Each structure stands twice: as structure tokens, then as C-alpha cells.
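Notes follow the structure.
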Amino acid sequence: MNPARCSRSIAKQLQGGNGRDRSSHRYETGQRYTIEIRERTRQFPGFFLDGKYYLGPELLTAIGWMEGKRFIYDDIDPEGEPVFPDRVAGTLENLRLTLADGAKLQLAEMQYESQLDAQGVDAPTTHERSQRLPIGSPLEGKLVVITGASSGIGRAAAHAFACKGARLVLAARDEAALFEVVDECTDCGTEVLAVQTDVTSNDQMRALASQAAAFGGGRIDIWINNAGVGAVGRFAETPLEAHEQVLQTDLLGYLRGAYVVWPYFKAQKNGVLINTLSLGSWVAQPYAVAYSAAKYGLRGLSEALRGELNGFPGIHVCDIYPAVMDTPGFRDGGNFTGHALKPPPPVYDPRRVARAMVQRAISPRPHTTVGNAATLARLAHLIVPGFNRLSGLLTRWGLTHSDETATSSGNLFEPARGARRVEGGWRTAHRTAPKTHLLGGVLLIAGVLYAVDRASRRKRDH
């Protein structure tokens with residue numbers, strides 16, 4: 001593994017790979033050593049110091065130690081069972097850890113300023129203290145897991161929680177983009193672990209929870225289900241495999257996230273699960289049938305989970321309902337329409353959703369809507385007869401009047417190509433409202449007036 005990448009996954013502290021021959025290198029008293037992070041193996045995000053293994057400098061109790069060449073790892077899983085049989089993680093020789101399954105992980109020295117406190121673990125330097133921002137934040141030191149963290153809302157959420165002093169575990173399929181986000185977040189002085197994860201895989205989601213708990217000293221405080229994909233096109237002209245992948249990601253991916261974190265929340269008797277739903281959870285999206293099915297299903301998932309929380313007042317399930325956000329999603333998603341996709345206005349800054357997530361992590365609430373357009377659309381859906389047909393007409397009109405383009409599965413089955421970022425670039429400072437927006441507004445107002453008039457007539461007739 002590239003030592004530079006490994007350093008980024010442990011808050012830029014690992015400085016291994018300096019070219020020295022380590023075949024005969026031995027431990028030095030007072031020196032910290034980290035363990036190489038590698039995919040599909042047990043993650044060890046802490047450090048060795050004088051023959052003992054610590055999860056973090058603020059955690060003064062060692063959870064591992066050396067007995068001869070054997071590395072004893074005294075940690076338990078959410079069911080209370082040892083992580084390793086007989087607590088033996090593997091053997092250590094010449095700065096190489098060989099795990100029980102045969103995987104070999106390299107140790108590397110950490111560069112740090114030696115300021116040992118009375119208990120033998122380094123006290124933070126003045127610079128390190130200055131980087132722990134903000135002081136007194138209710139999220140400082142909390143372990144936060146974010147799926148879909150490589151772009152859009154997830155990337156914005158990573159930035160927002162990092163600036164609140166939370167410790168982050170970031171998950172996405174795009175490993176290179178994840179490490180970019182790690183660099184951005186560690187600039188705030190927080191600790192970050194990147195875990196390449198596909199939320200459609202049961203095994204990878206279990207591994208994500210396990211690695212996150214190890215990074216958090218056995219705890220997971222906040223889990224944000226955010227990974228999502230989309231497929232736009234006529235229902236019968238969109239491949240069945242595309243529909244299935246949307247459901248696997250946008251619905252079952254969230255269920256997997258809840259499933260793997262639930263035992264930790266129950267054992268802790270507290271925790272916050274935040275689900276990123278959408279306007280589409282209340283208003284069906286014609287030409288995005290699987291997406292609508294997933295988002296409607298997520299409402300049921302959250303409501304059912306809340307119903308099982310009797311006796312667990314410290315566990316919360318919070319749903320976020322964003323309006324249309326300026327993310328790369330419309331550019332990167334599956335497009336089977338034959339026409340270029342553009343988000344319908346108004347389009348909002350995705351950082352608004354990130355701020356709402358931070359608020360719900362601090363002060364949990366079941367439902368939070370972001371963007372007035374989402375509230376208005378939900379109201380119109382309730383009171384305007386045939387709103388779904390109206391929406392379908394507008395969507396079809398907009399598609400047929402956009403530029404033609406080749407169909408593509410986009411990021412359905414592999415990470416998106418191109419630069420990953422928070423914004424999609426759909427907003428402009430001075431943009432004239434397009435015809436679809438004006439037409440939609442006129443029809444919406446007309447529909448509301450019609451509904452009000454119809455209700456008044458019924459009342460007079462009775």
C-alpha cells in the first residue's frame with residue numbers, strides 16, 4: 001500500500017516509507033508505530049507505544065499488548081464476543097504483523113513531538129490543541145460514519161462535521177476521491193478514516209461498521225446513510241438491471257447501514273441514525289420509478305425502526321428531506337432518456353443539507369425539510385388533483401426540449417468519472433427562469449386554486 005495514502009487515513013500522522021531497510025529494525029522506546037491500513041483486512045487505526053496498543057492519545061487504557069511475538073488484542077464485538085479467538089490477533093516480527101488469516105501488515109514510525117504526560121502517553125502539542133476546533137462543540141470527539149462521502153451532500157457533510165471536531169469514518173466506492181475528502185477534513189484538525197465501501201455489499205457494510213467501531217474505541221455515535229444513485233428514463237425503456245441497482249443502493253443500502261449499526265446503538269443505549277431521503281419521498285418522480293420506490297420505501301423503513309425503539313430513548317432516527325440540490329448527481333446518474341438531464345429549479349446549495357445533518361446530530365428530530373420548494377411541492381401533491389400526471393407532463397416536456405445525448409448507465413455500477421466535488425455547477429448568479437419553471441408555476445397555482453374552489457363548492461353543497 002502507498003504509505004502516503006495510509007498516512008491520510010490516520011490524520012496525516014504516519015510517516016513510513018522513508019526508504020530505510022527495516023528488515024532488522026527493532027522497536028525504539030518512546031516511539032509510536034502505526035499499522036498499515038489495507039482493504040479487506042482487520043483495521044487497526046491506533047498505535048503501538050512501548051509494547052502496548054492504544055486506539056488514540058486521549059484513550060489511556062491499552063486494548064492490546066505484546067506477549068513475546070504474539071499481539072494480544074483485547075476487544076469485543078457488539079455481541080460481547082472477542083474480536084479474535086483467544087484474543088490473539090497475530091504475530092509481530094521485524095515490524096511486520098502477520099494476522100491469523102495470513103494477511104501481512106507493515107508497521108511504520110509516527111513522527112510527533114515528544115511531550116509525555118505522567119501516564120506515558122503523549123500530551124497534545126500546542127499546535128495540536130489549536131487544531132481541535134471548535135472548543136466545546138457538542139460533537140467534538142463523536143464518531144460519525146458517512147456513506148456516499150466522495151461528492152455532493154456527503155462530501156459537504158464530511159466538511160461540516162469535521163469543522164465541529166467530530167471523528168469521521170468516510171465511505172464511498174471511489175477510493176481516490178475519498179482520500180481527497182480526508183485531506184480536506186484533516187485540515188480542520190480532526191481524525192479521519194477512509195473505508196472504500198459499496199453499500200450494495202453486505203460484507204463490505206459489515207466491515208465498515210467494524211472498522212468504524214475500532215476507530216471509535218468501540219463506539220459509533222452517529223451514522224449517516226447518504227449514498228445514492230439514480231436512473232432516469234421511461235420505465236419500460238430503462239434496463240431492469242438499472243432499476244434493481246437503484247433499489248439496491250438507495251433503499252437496501254440504507255437498510256444495510258441501519259442493520260450493521262443497530263447492535264452498537266443498542267449496546268450503547270444511544271446513537272443517531274440520519275437518513276438522506278428527498279422531496280421524492282413524498283412526491284413521486286415520473287421517469288425515475290425505481291428512485292421513487294426507494295425513497296417512498298425509506299419513509300417506511302424509518303417509521304418502522306422508530307416503532308422498535310420503545311425502551312431506548314437515547315436512540316434516534318432522523319430523516320432529512322432535501323429539495324433539488326446543486327450536486328453532481330444529475331450529471332453522474334444513469335440516463336436512458338436520450339436527452340441531457342438538468343435539475344428542475346429552484347436548485348439549492350447542498351451545504352444546507354449538511355448543516356441540517358449537524359443540527360439533527362446535536363438535536364435529533366424525526367423529520368427535517370431543507371428548501372421551501374420541497375414543502376410547497378409536498379403541499380401541492382396533497383391538495384392538487386392529478387399532481388403526479390402534471391409532474392409527468394412537465395418532465396416529459398422538459399426532456400424533449402433538451403439536447404440529445406447518448407444513453408449511459410453513469411455511476412450505477414461503477415464510480416463516476418471526472419472530478420468529484422460538492423457542487424454540480426447548476427446554479428448561476430443571474431439565470432432567467434426557464435419555460436418549464438414558469439409553466440410549472442402557473443399550473444401549480446392553477447391547481448391549488450382549483451382545489452380550493454372545489455373544496456368550497458363541496459362545503460356549500462353540504
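Numbering starts fresh at 1 for the residues of each chain in the C-alpha cells, the chains themselves are lettered A, B, ... in the order given, and ligands are numbered from 1 as they appear.
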
Please identify which residues in region 217-401 of chain A DSSP calls strand (DSSP E) from the backbone, and express them as a PyMOL selection string. chain A and resi 222-225+231-232+271-276+315-322+334-335+367-370

Got time to write the residues from that selection, C-alpha atoms, as a compact mmCIF listing (two decimals), in the first residue's frame?
# COMPACT_ATOMS: atom_id res chain seq x y z
CA ILE A 222 -23.78 8.92 14.50
CA TRP A 223 -24.39 7.01 11.27
CA ILE A 224 -25.43 8.90 8.13
CA ASN A 225 -26.96 6.88 5.29
CA ALA A 231 -31.70 6.17 -13.27
CA VAL A 232 -33.88 8.46 -15.40
CA GLY A 271 -26.96 6.84 18.85
CA VAL A 272 -28.34 8.89 15.96
CA LEU A 273 -29.21 7.40 12.57
CA ILE A 274 -29.64 10.06 9.88
CA ASN A 275 -31.21 9.05 6.56
CA THR A 276 -30.99 11.29 3.50
CA ILE A 315 -31.57 6.20 20.04
CA HIS A 316 -32.98 8.43 17.31
CA VAL A 317 -33.84 8.00 13.62
CA CYS A 318 -33.82 11.30 11.74
CA ASP A 319 -34.99 11.81 8.16
CA ILE A 320 -33.76 14.71 6.01
CA TYR A 321 -35.95 15.73 3.04
CA PRO A 322 -33.95 17.98 0.69
CA GLY A 334 -27.90 6.76 -15.23
CA ASN A 335 -29.60 8.45 -18.18
CA HIS A 367 -38.37 14.92 10.07
CA THR A 368 -36.47 17.89 8.62
CA THR A 369 -37.20 19.51 5.25
CA VAL A 370 -34.48 21.53 3.51

Give me the residues near Asp332 (chain A) as a ChimeraX atom specification, where near means some atom within 9 Å (using only C-alpha atoms) and where sequence neighbours in that chain fewer than 5 positions away do not count. /A:229-230,409-412,415-417

Keeping N, CA and C atoms, export the residues of the selection given above as a PDB file, in the first residue's frame.
ATOM      1  N   VAL A 229     -27.789   6.655  -5.949  1.00  0.00           N
ATOM      2  CA  VAL A 229     -27.653   6.722  -7.402  1.00  0.00           C
ATOM      3  C   VAL A 229     -29.043   6.927  -7.978  1.00  0.00           C
ATOM      4  N   GLY A 230     -29.101   7.178  -9.262  1.00  0.00           N
ATOM      5  CA  GLY A 230     -30.392   7.376  -9.907  1.00  0.00           C
ATOM      6  C   GLY A 230     -30.362   6.881 -11.336  1.00  0.00           C
ATOM      7  N   SER A 409     -25.271   4.305 -18.382  1.00  0.00           N
ATOM      8  CA  SER A 409     -25.567   3.810 -17.041  1.00  0.00           C
ATOM      9  C   SER A 409     -24.930   4.672 -15.970  1.00  0.00           C
ATOM     10  N   GLY A 410     -24.075   5.624 -16.375  1.00  0.00           N
ATOM     11  CA  GLY A 410     -23.499   6.574 -15.429  1.00  0.00           C
ATOM     12  C   GLY A 410     -22.766   5.882 -14.276  1.00  0.00           C
ATOM     13  N   ASN A 411     -23.082   6.309 -13.071  1.00  0.00           N
ATOM     14  CA  ASN A 411     -22.396   5.776 -11.884  1.00  0.00           C
ATOM     15  C   ASN A 411     -23.169   4.638 -11.219  1.00  0.00           C
ATOM     16  N   LEU A 412     -24.086   4.008 -11.951  1.00  0.00           N
ATOM     17  CA  LEU A 412     -24.881   2.945 -11.342  1.00  0.00           C
ATOM     18  C   LEU A 412     -24.020   1.775 -10.886  1.00  0.00           C
ATOM     19  N   PRO A 415     -17.899   3.826  -9.955  1.00  0.00           N
ATOM     20  CA  PRO A 415     -17.798   5.230  -9.575  1.00  0.00           C
ATOM     21  C   PRO A 415     -17.813   6.148 -10.803  1.00  0.00           C
ATOM     22  N   ALA A 416     -18.335   7.338 -10.597  1.00  0.00           N
ATOM     23  CA  ALA A 416     -18.421   8.303 -11.696  1.00  0.00           C
ATOM     24  C   ALA A 416     -17.032   8.728 -12.155  1.00  0.00           C
ATOM     25  N   ARG A 417     -16.920   9.039 -13.424  1.00  0.00           N
ATOM     26  CA  ARG A 417     -15.673   9.566 -13.949  1.00  0.00           C
ATOM     27  C   ARG A 417     -15.638  11.072 -13.739  1.00  0.00           C
TER      28      ARG A 417
END

Expressed in Å, the length from CA of Val182 (chain A) to CA of Tyr264 (chain A) is 24.4 Å

Got a sec: who's within 12 Å of Glu241 (chain A), counting only C-alpha atoms, leaving out chain neighbours fewer than 2 positions off, as a PyMOL selection string? chain A and resi 231+235-239+243-248+290+334+409+412-413

Export, as a JSON list (two decimals), in the first residue's frame, the selected residues with C-alpha atoms.
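Listing of part.json after writing:
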[["chain", "number", "residue", "atom", "x", "y", "z"],
["A", 231, "ALA", "CA", -31.70, 6.17, -13.27],
["A", 235, "PHE", "CA", -39.99, 2.77, -17.06],
["A", 236, "ALA", "CA", -40.02, 0.07, -19.77],
["A", 237, "GLU", "CA", -37.06, 1.58, -21.64],
["A", 238, "THR", "CA", -34.80, 1.61, -18.57],
["A", 239, "PRO", "CA", -32.94, -1.71, -18.15],
["A", 243, "HIS", "CA", -33.89, -0.33, -11.67],
["A", 244, "GLU", "CA", -32.52, -3.06, -9.41],
["A", 245, "GLN", "CA", -29.24, -1.23, -8.79],
["A", 246, "VAL", "CA", -31.09, 1.92, -7.73],
["A", 247, "LEU", "CA", -33.11, -0.08, -5.22],
["A", 248, "GLN", "CA", -30.01, -1.94, -4.01],
["A", 290, "ALA", "CA", -37.04, 2.97, -9.01],
["A", 334, "GLY", "CA", -27.90, 6.76, -15.23],
["A", 409, "SER", "CA", -25.57, 3.81, -17.04],
["A", 412, "LEU", "CA", -24.88, 2.95, -11.34],
["A", 413, "PHE", "CA", -22.34, 0.13, -11.46]]

Discussion item. When DSSP is applied to the backbone of this structure, which of region 276-330 of chain A are assigned helix (DSSP H, G or I)? Write them out as a ChimeraX atom specification.
Written reply: /A:279-281,289-307,329-330

So that I have them on file, write out the residues from the current selection with C-alpha atoms, as a tab-separated table (two decimals), in the first residue's frame.
chain	number	residue	atom	x	y	z
A	279	LEU	CA	-38.58	15.51	-1.96
A	280	GLY	CA	-39.17	12.27	-3.87
A	281	SER	CA	-40.15	10.56	-0.61
A	289	VAL	CA	-39.64	4.96	-10.96
A	290	ALA	CA	-37.04	2.97	-9.01
A	291	TYR	CA	-35.78	6.13	-7.32
A	292	SER	CA	-39.35	6.97	-6.24
A	293	ALA	CA	-39.91	3.43	-4.99
A	294	ALA	CA	-36.70	3.62	-2.94
A	295	LYS	CA	-37.44	7.00	-1.42
A	296	TYR	CA	-41.03	6.09	-0.54
A	297	GLY	CA	-39.71	2.87	0.97
A	298	LEU	CA	-37.23	4.75	3.14
A	299	ARG	CA	-40.08	6.54	4.89
A	300	GLY	CA	-41.47	3.16	5.87
A	301	LEU	CA	-38.04	1.94	6.96
A	302	SER	CA	-37.54	4.90	9.29
A	303	GLU	CA	-41.05	4.77	10.72
A	304	ALA	CA	-40.76	1.04	11.42
A	305	LEU	CA	-37.37	1.47	13.11
A	306	ARG	CA	-38.78	4.20	15.35
A	307	GLY	CA	-41.56	1.82	16.34
A	329	GLY	CA	-25.99	13.66	-9.27
A	330	PHE	CA	-27.80	14.78	-12.44

What separates CA of Phe161 (chain A) and CA of Glu191 (chain A) is a distance of 11.1 Å

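With only C-alpha atoms as the atoms that count, the residue of A:Arg331, A:Leu97, A:Pro345, A:Arg32 with the shortest distance to Glu423 (chain A) is A:Arg331.
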
Mind checking which residues fall within 8 Å of region 347-351 of chain A, counting only C-alpha atoms, ignoring those fewer than 6 positions away in the same chain, and posting them as a PyMOL selection string?
chain A and resi 152-153+156-157+323-327+371+422-423+426-427

Residue subset to file, keeping C-alpha atoms, as an mmCIF file, in the first residue's frame:
data_model
loop_
_atom_site.group_PDB
_atom_site.id
_atom_site.type_symbol
_atom_site.label_atom_id
_atom_site.label_comp_id
_atom_site.auth_asym_id
_atom_site.auth_seq_id
_atom_site.Cartn_x
_atom_site.Cartn_y
_atom_site.Cartn_z
ATOM 1 C CA GLY A 152 -22.321 16.128 -3.241
ATOM 2 C CA ILE A 153 -24.195 16.170 0.052
ATOM 3 C CA ALA A 156 -20.399 18.658 2.278
ATOM 4 C CA ALA A 157 -21.468 16.725 5.404
ATOM 5 C CA ALA A 323 -35.415 19.821 -2.268
ATOM 6 C CA VAL A 324 -33.381 19.700 -5.505
ATOM 7 C CA MET A 325 -29.724 20.280 -4.633
ATOM 8 C CA ASP A 326 -26.823 21.506 -6.750
ATOM 9 C CA THR A 327 -24.839 18.249 -6.723
ATOM 10 C CA GLY A 371 -35.626 24.076 0.919
ATOM 11 C CA VAL A 422 -19.642 19.127 -3.569
ATOM 12 C CA GLU A 423 -21.472 21.147 -6.224
ATOM 13 C CA TRP A 426 -26.079 24.024 -11.926
ATOM 14 C CA ARG A 427 -26.629 27.326 -10.158
#

Counting only C-alpha atoms, which of A:Pro343, A:Tyr73, A:Leu49, A:Gly311 gets nearest to Leu99 (chain A)?
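So, comparing all the options, the nearest one is A:Tyr73.
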